[in-house]
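The data block below is start.cif; it holds mmCIF, C-alpha atoms (C1' of nucleotides).
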```cif
data_work
#
loop_
_atom_site.label_atom_id
_atom_site.label_comp_id
_atom_site.auth_asym_id
_atom_site.auth_seq_id
_atom_site.Cartn_x
_atom_site.Cartn_y
_atom_site.Cartn_z
CA MET A 1 -7.52 -31.07 22.33
CA GLY A 2 -3.78 -31.18 22.22
CA ASN A 3 -3.95 -27.62 21.02
CA LEU A 4 -1.82 -25.46 23.30
CA LEU A 5 -2.84 -22.13 21.84
CA THR A 6 -6.37 -20.75 21.74
CA LYS A 7 -7.72 -19.63 18.36
CA SER A 8 -7.47 -16.06 19.56
CA ASP A 9 -3.77 -16.52 20.31
CA GLU A 10 -3.21 -18.18 16.97
CA ILE A 11 -4.83 -15.24 15.21
CA LEU A 12 -2.63 -12.79 17.10
CA ALA A 13 0.52 -14.79 16.36
CA CYS A 14 -0.36 -15.01 12.70
CA ALA A 15 -1.16 -11.29 12.47
CA ARG A 16 2.17 -10.52 14.14
CA THR A 17 4.04 -12.47 11.47
CA LEU A 18 2.07 -10.82 8.70
CA ILE A 19 2.71 -7.32 10.08
CA MET A 20 6.43 -8.04 10.36
CA ASN A 21 6.29 -8.83 6.66
CA GLY A 22 4.26 -6.00 5.21
CA GLY A 23 2.93 -3.71 7.91
CA TYR A 24 -0.63 -2.76 8.82
CA ASN A 25 -1.91 -2.38 5.28
CA GLY A 26 0.05 -5.38 4.09
CA PHE A 27 -2.32 -8.02 5.40
CA SER A 28 -6.02 -8.78 5.53
CA TYR A 29 -8.43 -10.91 7.55
CA ALA A 30 -8.50 -13.25 4.55
CA ASP A 31 -4.73 -13.75 4.87
CA ILE A 32 -5.13 -14.75 8.50
CA ALA A 33 -8.03 -17.06 7.66
CA ASN A 34 -5.82 -18.86 5.16
CA VAL A 35 -3.15 -19.60 7.73
CA VAL A 36 -5.15 -20.18 10.90
CA LYS A 37 -7.83 -22.66 9.89
CA ILE A 38 -10.83 -20.47 10.55
CA ARG A 39 -13.29 -18.45 8.49
CA LYS A 40 -12.82 -14.75 7.92
CA ALA A 41 -16.05 -13.92 9.74
CA SER A 42 -14.96 -15.88 12.80
CA ILE A 43 -11.97 -13.62 13.25
CA HIS A 44 -14.40 -10.75 13.71
CA HIS A 45 -15.87 -12.64 16.66
CA HIS A 46 -12.52 -12.43 18.47
CA PHE A 47 -11.49 -9.00 17.18
CA PRO A 48 -14.45 -6.96 15.89
CA THR A 49 -12.26 -4.62 13.83
CA LYS A 50 -8.77 -4.68 12.41
CA THR A 51 -7.89 -1.82 14.73
CA ASP A 52 -8.96 -3.92 17.74
CA LEU A 53 -6.80 -6.79 16.56
CA VAL A 54 -3.66 -4.74 16.06
CA ARG A 55 -4.15 -2.69 19.23
CA THR A 56 -4.46 -5.89 21.26
CA LEU A 57 -1.46 -7.32 19.46
CA VAL A 58 0.78 -4.34 20.25
CA THR A 59 -0.35 -4.17 23.88
CA ARG A 60 0.40 -7.86 24.30
CA TYR A 61 3.73 -7.40 22.51
CA ARG A 62 4.75 -4.74 25.01
CA GLU A 63 3.62 -6.80 27.99
CA ASP A 64 5.64 -9.76 26.72
CA ALA A 65 8.67 -7.53 26.25
CA GLU A 66 8.27 -6.17 29.79
CA ALA A 67 8.20 -9.68 31.19
CA THR A 68 11.19 -10.81 29.13
CA VAL A 69 13.18 -7.78 30.20
CA ALA A 70 12.34 -8.41 33.85
CA VAL A 71 13.67 -11.97 33.58
CA LEU A 72 16.73 -10.74 31.74
CA GLY A 73 17.45 -8.30 34.55
CA GLU A 74 17.41 -11.12 37.07
CA ASN A 75 19.65 -13.44 35.09
CA VAL A 76 22.18 -10.99 33.75
CA GLN A 77 23.67 -8.50 36.16
CA ASP A 78 26.23 -6.62 34.13
CA PRO A 79 24.57 -3.77 32.13
CA PHE A 80 27.00 -4.17 29.24
CA GLU A 81 26.09 -7.86 29.07
CA VAL A 82 22.41 -6.91 29.10
CA LEU A 83 22.88 -4.77 26.00
CA LYS A 84 24.84 -7.54 24.33
CA VAL A 85 22.13 -10.08 25.08
CA TYR A 86 19.47 -7.71 23.78
CA ALA A 87 21.35 -7.06 20.53
CA GLY A 88 22.21 -10.77 20.25
CA HIS A 89 18.57 -11.71 20.63
CA TRP A 90 17.66 -9.63 17.58
CA ALA A 91 20.69 -10.83 15.67
CA SER A 92 19.48 -14.43 16.11
CA CYS A 93 15.88 -13.60 15.25
CA ILE A 94 16.96 -11.85 12.07
CA GLU A 95 19.49 -14.47 11.06
CA ASP A 96 17.22 -17.47 11.50
CA ALA A 97 14.40 -15.44 9.90
CA SER A 98 12.04 -16.36 12.75
CA ARG A 99 11.26 -12.74 13.56
CA PRO A 100 13.11 -10.66 11.00
CA PHE A 101 11.70 -7.33 12.18
CA CYS A 102 10.21 -5.67 15.24
CA VAL A 103 6.43 -5.33 14.93
CA CYS A 104 6.49 -1.93 16.63
CA ALA A 105 9.29 -0.61 14.42
CA MET A 106 7.23 -1.68 11.44
CA LEU A 107 4.10 0.01 12.72
CA ALA A 108 5.99 3.10 13.88
CA SER A 109 7.06 3.79 10.32
CA GLU A 110 3.39 3.87 9.35
CA THR A 111 2.36 6.07 12.30
CA PRO A 112 0.63 8.79 10.25
CA ALA A 113 -1.59 6.18 8.60
CA LEU A 114 -2.51 4.27 11.76
CA ALA A 115 -5.67 4.51 13.83
CA PRO A 116 -4.90 6.68 16.89
CA GLU A 117 -5.59 3.80 19.29
CA VAL A 118 -2.87 1.77 17.59
CA ALA A 119 -0.43 4.67 17.27
CA VAL A 120 -0.71 5.34 21.00
CA GLU A 121 0.19 1.74 21.83
CA VAL A 122 3.17 1.81 19.49
CA LYS A 123 4.32 4.99 21.20
CA ALA A 124 3.92 3.27 24.57
CA PHE A 125 6.18 0.45 23.37
CA PHE A 126 8.86 2.90 22.28
CA ARG A 127 8.62 4.66 25.63
CA PHE A 128 8.89 1.41 27.53
CA LEU A 129 11.96 0.35 25.54
CA SER A 130 13.56 3.76 25.97
CA THR A 131 12.87 3.82 29.70
CA TRP A 132 14.28 0.34 30.20
CA LEU A 133 17.41 1.08 28.15
CA THR A 134 17.85 4.34 30.05
CA SER A 135 17.82 2.44 33.34
CA VAL A 136 20.40 0.01 31.95
CA MET A 137 22.59 2.91 30.81
CA GLU A 138 22.27 4.66 34.18
CA ARG A 139 23.25 1.58 36.11
CA GLY A 140 26.11 0.88 33.72
CA ALA A 141 27.46 4.39 34.14
CA ARG A 142 27.11 4.20 37.93
CA GLU A 143 28.81 0.82 38.19
CA GLY A 144 31.46 1.58 35.57
CA SER A 145 30.29 -1.22 33.31
CA LEU A 146 29.41 1.21 30.53
CA SER A 147 31.26 4.27 29.32
CA LEU A 148 28.72 6.87 28.21
CA SER A 149 29.53 10.04 26.33
CA SER A 150 26.07 11.56 26.76
CA GLU A 151 23.11 11.51 29.12
CA PRO A 152 21.80 7.97 29.78
CA ALA A 153 18.45 8.80 28.17
CA VAL A 154 20.15 10.06 25.02
CA GLU A 155 22.46 7.04 24.86
CA ALA A 156 19.39 4.81 25.29
CA ASP A 157 17.53 6.41 22.39
CA ALA A 158 20.65 6.37 20.24
CA PHE A 159 21.16 2.69 20.96
CA MET A 160 17.54 1.95 20.15
CA ALA A 161 17.84 3.88 16.90
CA SER A 162 20.93 1.87 15.95
CA VAL A 163 19.07 -1.37 16.53
CA HIS A 164 16.09 -0.27 14.44
CA GLY A 165 18.24 1.18 11.69
CA ALA A 166 20.35 -1.97 11.58
CA MET A 167 17.20 -4.07 11.18
CA LEU A 168 16.21 -1.89 8.28
CA SER A 169 19.59 -2.20 6.59
CA ALA A 170 19.60 -5.98 7.02
CA ARG A 171 16.20 -6.07 5.35
CA ALA A 172 17.10 -3.65 2.54
CA TYR A 173 20.36 -5.42 1.68
CA GLY A 174 18.83 -8.84 2.15
CA THR A 175 21.85 -9.84 4.24
CA PRO A 176 20.98 -10.63 7.88
CA GLU A 177 24.62 -10.50 9.07
CA VAL A 178 24.62 -6.75 8.46
CA PHE A 179 22.68 -6.36 11.69
CA GLY A 180 25.52 -7.77 13.75
CA THR A 181 28.14 -5.91 11.77
CA ILE A 182 26.47 -2.59 12.50
CA LEU A 183 25.84 -3.33 16.15
CA ALA A 184 29.31 -4.58 16.97
CA PRO A 185 31.02 -1.13 16.96
CA THR A 186 28.03 0.40 18.72
CA LEU A 187 28.48 -2.04 21.57
CA GLN A 188 32.25 -1.77 21.50
CA ARG A 189 32.03 1.97 21.96
CA LEU A 190 29.97 1.49 25.13
CA SER A 191 32.46 -0.97 26.58
CA PRO A 192 34.76 0.54 29.25
CA THR A 193 37.45 -2.09 28.63
CA VAL A 194 38.23 -0.70 25.20
CA ALA A 195 40.53 2.30 25.21
CA GLN A 196 39.12 5.19 23.21
CA MET B 1 1.14 26.85 -19.74
CA GLY B 2 2.56 28.44 -16.66
CA ASN B 3 2.72 24.97 -15.24
CA LEU B 4 6.31 24.18 -14.32
CA LEU B 5 5.80 20.51 -13.61
CA THR B 6 4.47 17.96 -16.03
CA LYS B 7 1.51 15.82 -14.95
CA SER B 8 3.85 12.88 -14.75
CA ASP B 9 6.11 14.77 -12.34
CA GLU B 10 3.16 15.87 -10.26
CA ILE B 11 2.00 12.26 -9.98
CA LEU B 12 5.46 11.15 -8.86
CA ALA B 13 5.73 13.95 -6.31
CA CYS B 14 2.31 13.16 -4.92
CA ALA B 15 3.06 9.44 -4.73
CA ARG B 16 6.30 10.22 -2.91
CA THR B 17 4.43 12.15 -0.24
CA LEU B 18 1.83 9.43 0.11
CA ILE B 19 4.48 6.69 0.46
CA MET B 20 6.28 8.72 3.14
CA ASN B 21 2.99 8.69 5.02
CA GLY B 22 1.82 5.11 4.76
CA GLY B 23 4.12 3.04 2.57
CA TYR B 24 3.42 1.10 -0.60
CA ASN B 25 0.10 -0.36 0.48
CA GLY B 26 -0.94 2.86 2.18
CA PHE B 27 -2.01 4.70 -0.96
CA SER B 28 -4.01 4.13 -4.12
CA TYR B 29 -4.33 5.63 -7.58
CA ALA B 30 -7.56 7.21 -6.34
CA ASP B 31 -5.61 9.05 -3.62
CA ILE B 32 -3.28 10.50 -6.24
CA ALA B 33 -6.19 11.43 -8.49
CA ASN B 34 -7.72 13.41 -5.62
CA VAL B 35 -4.60 15.51 -5.15
CA VAL B 36 -3.28 15.90 -8.68
CA LYS B 37 -6.26 17.02 -10.69
CA ILE B 38 -6.46 14.07 -13.03
CA ARG B 39 -8.63 10.98 -13.38
CA LYS B 40 -7.57 7.65 -11.94
CA ALA B 41 -7.43 6.02 -15.39
CA SER B 42 -5.17 8.77 -16.72
CA ILE B 43 -2.51 7.86 -14.18
CA HIS B 44 -2.34 4.46 -15.86
CA HIS B 45 -1.42 6.25 -19.08
CA HIS B 46 1.76 7.57 -17.43
CA PHE B 47 2.45 4.55 -15.23
CA PRO B 48 0.70 1.38 -16.46
CA THR B 49 0.98 -0.38 -13.09
CA LYS B 50 1.57 0.66 -9.50
CA THR B 51 4.86 -1.21 -9.60
CA ASP B 52 5.97 0.91 -12.59
CA LEU B 53 5.07 4.07 -10.73
CA VAL B 54 6.98 3.21 -7.57
CA ARG B 55 9.96 1.76 -9.39
CA THR B 56 10.28 4.97 -11.42
CA LEU B 57 9.85 6.99 -8.26
CA VAL B 58 12.63 5.20 -6.40
CA THR B 59 15.01 5.32 -9.37
CA ARG B 60 14.40 9.07 -9.70
CA TYR B 61 14.80 9.46 -5.94
CA ARG B 62 18.23 7.85 -6.08
CA GLU B 63 19.30 9.91 -9.09
CA ASP B 64 18.26 13.11 -7.32
CA ALA B 65 20.18 12.05 -4.23
CA GLU B 66 23.26 11.31 -6.33
CA ALA B 67 23.09 14.77 -7.87
CA THR B 68 22.55 16.47 -4.50
CA VAL B 69 25.46 14.60 -2.99
CA ALA B 70 27.71 15.58 -5.89
CA VAL B 71 26.90 19.26 -5.36
CA LEU B 72 27.39 18.87 -1.62
CA GLY B 73 30.84 17.40 -2.24
CA GLU B 74 31.81 20.47 -4.26
CA ASN B 75 30.52 23.01 -1.77
CA VAL B 76 31.59 21.41 1.48
CA GLN B 77 35.13 20.11 1.72
CA ASP B 78 35.46 18.92 5.30
CA PRO B 79 34.07 15.34 5.68
CA PHE B 80 32.83 16.02 9.20
CA GLU B 81 30.93 19.04 7.90
CA VAL B 82 29.46 16.88 5.13
CA LEU B 83 28.01 14.50 7.70
CA LYS B 84 26.67 17.43 9.70
CA VAL B 85 25.01 18.94 6.64
CA TYR B 86 23.52 15.57 5.73
CA ALA B 87 22.10 15.03 9.23
CA GLY B 88 20.99 18.66 9.38
CA HIS B 89 19.15 18.31 6.11
CA TRP B 90 17.02 15.52 7.54
CA ALA B 91 16.58 17.34 10.84
CA SER B 92 15.06 20.29 8.93
CA CYS B 93 12.88 18.08 6.74
CA ILE B 94 11.52 16.28 9.77
CA GLU B 95 11.04 19.38 11.87
CA ASP B 96 9.21 21.40 9.23
CA ALA B 97 7.26 18.25 8.32
CA SER B 98 8.03 18.77 4.64
CA ARG B 99 9.57 15.34 4.22
CA PRO B 100 9.18 13.60 7.56
CA PHE B 101 10.61 10.28 6.39
CA CYS B 102 12.87 8.81 3.73
CA VAL B 103 10.89 7.10 0.98
CA CYS B 104 13.45 4.33 0.69
CA ALA B 105 13.56 3.70 4.43
CA MET B 106 9.78 3.39 4.32
CA LEU B 107 9.86 0.96 1.42
CA ALA B 108 12.82 -0.97 2.82
CA SER B 109 10.75 -1.91 5.86
CA GLU B 110 8.19 -3.46 3.51
CA THR B 111 10.80 -5.27 1.42
CA PRO B 112 9.27 -8.78 1.74
CA ALA B 113 5.95 -7.48 0.44
CA LEU B 114 7.32 -5.45 -2.47
CA ALA B 115 7.49 -6.40 -6.12
CA PRO B 116 11.06 -7.55 -6.89
CA GLU B 117 11.61 -4.68 -9.37
CA VAL B 118 10.88 -2.19 -6.61
CA ALA B 119 12.88 -4.03 -3.94
CA VAL B 120 15.92 -4.06 -6.20
CA GLU B 121 15.74 -0.29 -6.65
CA VAL B 122 15.39 0.27 -2.91
CA LYS B 123 18.44 -1.92 -2.39
CA ALA B 124 20.30 0.15 -4.98
CA PHE B 125 19.48 3.29 -3.02
CA PHE B 126 20.82 1.80 0.19
CA ARG B 127 23.96 0.74 -1.60
CA PHE B 128 24.46 4.17 -3.11
CA LEU B 129 24.03 5.84 0.28
CA SER B 130 26.37 3.38 1.95
CA THR B 131 29.01 3.78 -0.76
CA TRP B 132 28.86 7.55 -0.57
CA LEU B 133 29.06 7.61 3.24
CA THR B 134 31.95 5.14 3.10
CA SER B 135 33.86 7.49 0.79
CA VAL B 136 33.18 10.37 3.18
CA MET B 137 34.39 8.28 6.12
CA GLU B 138 37.53 7.20 4.25
CA ARG B 139 38.45 10.73 3.32
CA GLY B 140 37.73 11.94 6.85
CA ALA B 141 39.98 9.29 8.33
CA ARG B 142 42.77 10.06 5.83
CA GLU B 143 42.60 13.80 6.38
CA GLY B 144 42.12 13.55 10.14
CA SER B 145 38.73 15.26 10.00
CA LEU B 146 36.96 12.21 11.39
CA SER B 147 38.00 9.82 14.13
CA LEU B 148 36.79 6.34 13.25
CA SER B 149 36.82 3.37 15.58
CA SER B 150 35.99 0.81 12.86
CA GLU B 151 36.39 0.27 9.14
CA PRO B 152 35.00 3.15 7.06
CA ALA B 153 32.34 0.91 5.49
CA VAL B 154 31.15 -0.23 8.92
CA GLU B 155 31.09 3.33 10.26
CA ALA B 156 29.12 4.36 7.17
CA ASP B 157 26.47 1.68 7.67
CA ALA B 158 26.29 2.42 11.38
CA PHE B 159 25.81 6.11 10.69
CA MET B 160 23.10 5.36 8.12
CA ALA B 161 21.36 3.07 10.62
CA SER B 162 21.43 5.84 13.25
CA VAL B 163 19.81 8.26 10.82
CA HIS B 164 17.06 5.81 9.88
CA GLY B 165 16.47 4.72 13.46
CA ALA B 166 16.31 8.32 14.61
CA MET B 167 13.69 9.06 11.93
CA LEU B 168 11.66 6.16 13.24
CA SER B 169 11.88 7.33 16.85
CA ALA B 170 10.91 10.88 15.90
CA ARG B 171 7.86 9.44 14.15
CA ALA B 172 6.94 7.02 16.94
CA TYR B 173 7.25 9.63 19.69
CA GLY B 174 5.64 12.32 17.57
CA THR B 175 8.46 14.69 18.55
CA PRO B 176 10.63 15.79 15.60
CA GLU B 177 13.42 17.18 17.84
CA VAL B 178 14.27 13.64 18.90
CA PHE B 179 15.99 13.19 15.55
CA GLY B 180 18.55 15.89 16.34
CA THR B 181 18.93 14.74 19.93
CA ILE B 182 19.84 11.23 18.80
CA LEU B 183 22.17 12.38 16.04
CA ALA B 184 24.11 14.92 18.09
CA PRO B 185 26.14 12.35 20.09
CA THR B 186 26.62 10.22 16.99
CA LEU B 187 28.24 13.16 15.23
CA GLN B 188 30.15 14.24 18.31
CA ARG B 189 31.71 10.81 18.58
CA LEU B 190 33.04 11.14 15.02
CA SER B 191 34.56 14.55 15.68
CA PRO B 192 38.33 14.51 16.24
CA THR B 193 38.24 17.76 18.25
CA VAL B 194 36.36 16.14 21.11
CA ALA B 195 38.54 14.20 23.49
CA GLN B 196 37.26 10.71 24.09
"C1'" DG C 1 0.25 24.86 -47.80
"C1'" DA C 2 -3.18 21.02 -47.30
"C1'" DC C 3 -4.53 16.66 -45.89
"C1'" DA C 4 -4.34 12.70 -43.40
"C1'" DA C 5 -2.14 9.61 -40.33
"C1'" DT C 6 -0.16 9.28 -35.91
"C1'" DC C 7 0.88 10.35 -31.24
"C1'" DT C 8 0.04 12.28 -26.60
"C1'" DC C 9 -2.82 13.05 -22.94
"C1'" DC C 10 -6.81 12.86 -20.79
"C1'" DC C 11 -11.55 11.44 -20.33
"C1'" DT C 12 -16.04 8.29 -19.09
"C1'" DA C 13 -17.44 3.88 -18.12
"C1'" DC C 14 -16.59 -0.47 -16.74
"C1'" DT C 15 -14.60 -5.16 -14.76
"C1'" DG C 16 -13.29 -8.67 -11.48
"C1'" DG C 17 -11.63 -9.27 -7.30
"C1'" DA C 18 -10.41 -8.18 -2.61
"C1'" DA C 19 -11.19 -5.37 1.25
"C1'" DG C 20 -13.48 -4.79 6.11
"C1'" DG C 21 -17.51 -5.86 8.13
"C1'" DT C 22 -22.56 -7.72 9.17
"C1'" DA C 23 -26.65 -10.97 9.71
"C1'" DG C 24 -28.23 -14.90 11.16
"C1'" DA C 25 -27.97 -19.85 11.91
"C1'" DT C 26 -25.75 -23.92 14.01
"C1'" DA C 27 -23.03 -26.72 17.28
"C1'" DC C 28 -21.53 -27.47 21.86
"C1'" DG C 29 -20.33 -27.17 26.67
"C1'" DT C 30 -22.25 -25.51 31.22
"C1'" DA D 1 -31.34 -21.66 28.72
"C1'" DC D 2 -27.26 -19.29 27.98
"C1'" DG D 3 -22.69 -17.96 26.33
"C1'" DT D 4 -18.97 -19.00 23.29
"C1'" DA D 5 -17.21 -20.18 18.96
"C1'" DT D 6 -17.81 -21.14 14.55
"C1'" DC D 7 -20.09 -21.31 10.17
"C1'" DT D 8 -22.45 -19.74 5.38
"C1'" DA D 9 -23.94 -16.06 2.89
"C1'" DC D 10 -23.97 -11.51 1.94
"C1'" DC D 11 -23.11 -6.21 1.76
"C1'" DT D 12 -20.68 -2.07 0.51
"C1'" DT D 13 -16.73 0.06 -0.68
"C1'" DC D 14 -12.49 0.28 -2.62
"C1'" DC D 15 -8.86 -1.49 -5.40
"C1'" DA D 16 -5.76 -2.03 -9.70
"C1'" DG D 17 -6.40 -2.29 -14.19
"C1'" DT D 18 -8.95 -2.19 -19.07
"C1'" DA D 19 -11.71 -0.59 -23.15
"C1'" DG D 20 -12.52 2.76 -26.02
"C1'" DG D 21 -13.05 7.43 -27.42
"C1'" DG D 22 -12.13 12.58 -28.02
"C1'" DA D 23 -9.26 16.89 -28.35
"C1'" DG D 24 -5.16 18.79 -29.77
"C1'" DA D 25 -0.44 18.83 -31.24
"C1'" DT D 26 3.16 16.70 -34.44
"C1'" DT D 27 4.69 14.64 -38.48
"C1'" DG D 28 4.98 12.68 -43.14
"C1'" DT D 29 3.51 13.19 -47.95
"C1'" DC D 30 1.94 15.19 -51.96
#
```

structure tokens encoding of this file:
Amino acid sequence: MGNLLTKSDEILACARTLIMNGGYNGFSYADIANVVKIRKASIHHHFPTKTDLVRTLVTRYREDAEATVAVLGENVQDPFEVLKVYAGHWASCIEDASRPFCVCAMLASETPALAPEVAVEVKAFFRFLSTWLTSVMERGAREGSLSLSSEPAVEADAFMASVHGAMLSARAYGTPEVFGTILAPTLQRLSPTVAQ
Amino acid sequence: MGNLLTKSDEILACARTLIMNGGYNGFSYADIANVVKIRKASIHHHFPTKTDLVRTLVTRYREDAEATVAVLGENVQDPFEVLKVYAGHWASCIEDASRPFCVCAMLASETPALAPEVAVEVKAFFRFLSTWLTSVMERGAREGSLSLSSEPAVEADAFMASVHGAMLSARAYGTPEVFGTILAPTLQRLSPTVAQ
DNA sequence: GACAATCTCCCTACTGGAAGGTAGATACGT
DNA sequence: ACGTATCTACCTTCCAGTAGGGAGATTGTC
């Protein structure tokens, strides 16, 4: 009553936060039980194994991202603006510490140690992100809103890599602003209004 | 006799490989004991705690990198070539699977979950790498071997982020070549011989 | 040179706690 | 009565770390 989220959703949200902090092996069912007010055994009712939990989490994460990106595409027309909004979104998340790292970037780094079912979902997220960014790059090049120096798909993967690498640096240095500092020239370079 | 490496070195080398695979929480003393032919308890003789082991490992890792970079500076004069050699080094490591990820990048992603002594060493590695790349960028700009569009320090951090992000993508996709594909345009952009 | 103390490195055996997961019962809404 | 959600209690395995001892090299002392 009054509770907007189901227990299952609360568990997923909590696990997401814990993974952002320390990765797959950095949290346990006991950790979740301590945050969400539920017993360890009850979590197994919702997600029989840890693999199930994280697989579900990553699938949901991708679906949410797909929906967000669809809305973004409707509200922001200019491809360059889309990239800026995307980068700005992460800059805010990192700076207010609400979501200081991408769950899939975290898990991707652990790929060799992940259960195959999870690894495959992480890969699917990367592919989705790459495909979406490629479409943004293509449209930007077509409309003259972006100045690309390589194939759209390559620019997309390079942009994605910059975002992930910048997250990592912000975390390593312990200074969130670094994310924005690194991304600024990356965006600037893609802008057609800046003479090169 | 006949053994070139000490047990202590073997333990460190093994731990390095294991961290590259699954991070700090992705390996145990038992895992090391299985590879290096030694008992679990004997590892504690060399490294009393896991934190000691990893801190030593990261410190050594940075020292090795400092030495390698010093030699590189003597053998390769042109700053643009230096960046190419650096990127190429990682491309080879990733493609032949010998060292498919940077230990410090791996640990940096887990920063919030690391012991402070380890986190501080990881930070030191990032700072060393950034400082070195900044000096390369500065010299390149001065000598006309690199065309920068931002401050040398910003270009250095952006380059570092591209390398780390590209490692992550190569791992997520499971296709090592992606690393080179992402880094090619990043390097090209810094080359003064290419009209922009 | 001989003896003993010390140090280094590795061992077996163990501890307490945390891990993922299971069994089975209870409460409750339909 | 049935399904869902939760509980207590428990299991097995693994974890980091400790206690204590043995073999062999090194060192200090006479």

Closest-contact table, chain A side, partner chain C, 10 Å, counting all atoms listed in the file, as a tab-separated table:
```
residue	atom	partner	partner_atom	distance
A:Ser28	CA	C:DA19	C1'	7.5
A:Tyr29	CA	C:DG20	C1'	8.1
A:Ala30	CA	C:DA19	C1'	9.0
A:Ala41	CA	C:DG21	C1'	8.3
A:His44	CA	C:DG21	C1'	8.0
A:Pro48	CA	C:DG21	C1'	8.4
A:Thr49	CA	C:DG20	C1'	7.8
A:Lys50	CA	C:DG20	C1'	7.9
```

Hey, what comes out of the PyMOL selection byres ((chain B) within 9 of (chain A)) on this file? Could you write it as a PyMOL selection string? chain B and resi 20-26+101+104-114+119-120+122-124+126-127+149-150+154-155+157-169+171-174+178+181-183+185-186+189+196

Kindly save the residues from that selection, with C-alpha atoms included, as a compact mmCIF listing (two decimals), in the frame of the given file.
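Listed below is the output, selection33.txt:
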```txt
# COMPACT_ATOMS: atom_id res chain seq x y z
CA MET B 20 6.28 8.72 3.14
CA ASN B 21 2.99 8.69 5.02
CA GLY B 22 1.82 5.11 4.76
CA GLY B 23 4.12 3.04 2.57
CA TYR B 24 3.42 1.10 -0.60
CA ASN B 25 0.10 -0.36 0.48
CA GLY B 26 -0.94 2.86 2.18
CA PHE B 101 10.61 10.28 6.39
CA CYS B 104 13.45 4.33 0.69
CA ALA B 105 13.56 3.70 4.43
CA MET B 106 9.78 3.39 4.32
CA LEU B 107 9.86 0.96 1.42
CA ALA B 108 12.82 -0.97 2.82
CA SER B 109 10.75 -1.91 5.86
CA GLU B 110 8.19 -3.46 3.51
CA THR B 111 10.80 -5.27 1.42
CA PRO B 112 9.27 -8.78 1.74
CA ALA B 113 5.95 -7.48 0.44
CA LEU B 114 7.32 -5.45 -2.47
CA ALA B 119 12.88 -4.03 -3.94
CA VAL B 120 15.92 -4.06 -6.20
CA VAL B 122 15.39 0.27 -2.91
CA LYS B 123 18.44 -1.92 -2.39
CA ALA B 124 20.30 0.15 -4.98
CA PHE B 126 20.82 1.80 0.19
CA ARG B 127 23.96 0.74 -1.60
CA SER B 149 36.82 3.37 15.58
CA SER B 150 35.99 0.81 12.86
CA VAL B 154 31.15 -0.23 8.92
CA GLU B 155 31.09 3.33 10.26
CA ASP B 157 26.47 1.68 7.67
CA ALA B 158 26.29 2.42 11.38
CA PHE B 159 25.81 6.11 10.69
CA MET B 160 23.10 5.36 8.12
CA ALA B 161 21.36 3.07 10.62
CA SER B 162 21.43 5.84 13.25
CA VAL B 163 19.81 8.26 10.82
CA HIS B 164 17.06 5.81 9.88
CA GLY B 165 16.47 4.72 13.46
CA ALA B 166 16.31 8.32 14.61
CA MET B 167 13.69 9.06 11.93
CA LEU B 168 11.66 6.16 13.24
CA SER B 169 11.88 7.33 16.85
CA ARG B 171 7.86 9.44 14.15
CA ALA B 172 6.94 7.02 16.94
CA TYR B 173 7.25 9.63 19.69
CA GLY B 174 5.64 12.32 17.57
CA VAL B 178 14.27 13.64 18.90
CA THR B 181 18.93 14.74 19.93
CA ILE B 182 19.84 11.23 18.80
CA LEU B 183 22.17 12.38 16.04
CA PRO B 185 26.14 12.35 20.09
CA THR B 186 26.62 10.22 16.99
CA ARG B 189 31.71 10.81 18.58
CA GLN B 196 37.26 10.71 24.09
```

Choose the residue, out of B:Val58, B:Cys102, B:Val69, B:Ala115, that has the smallest atom-to-atom separation from B:Leu83; count only C-alpha atoms.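 Closest candidate: B:Val69.
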
If you apply the PyMOL selection byres ((chain D) within 8 of (chain B)) to this file, what residues do you get, as a PyMOL selection string? chain D and resi 15-17

I'd like to know which of A:Leu133, A:Lys37, A:Thr193, A:Ser147 is closest to D:DT6, using only C-alpha atoms (C1' of nucleotides). A:Lys37

Using Å and a single decimal, report how far atom CA of A:Phe80 sits from atom CA of A:Gly140. 6.8 Å

Find the distance between atom CA of A:Ser145 and atom CA of A:Lys84 and write it in Å to one decimal.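 Interatomic distance here is 12.3 Å.
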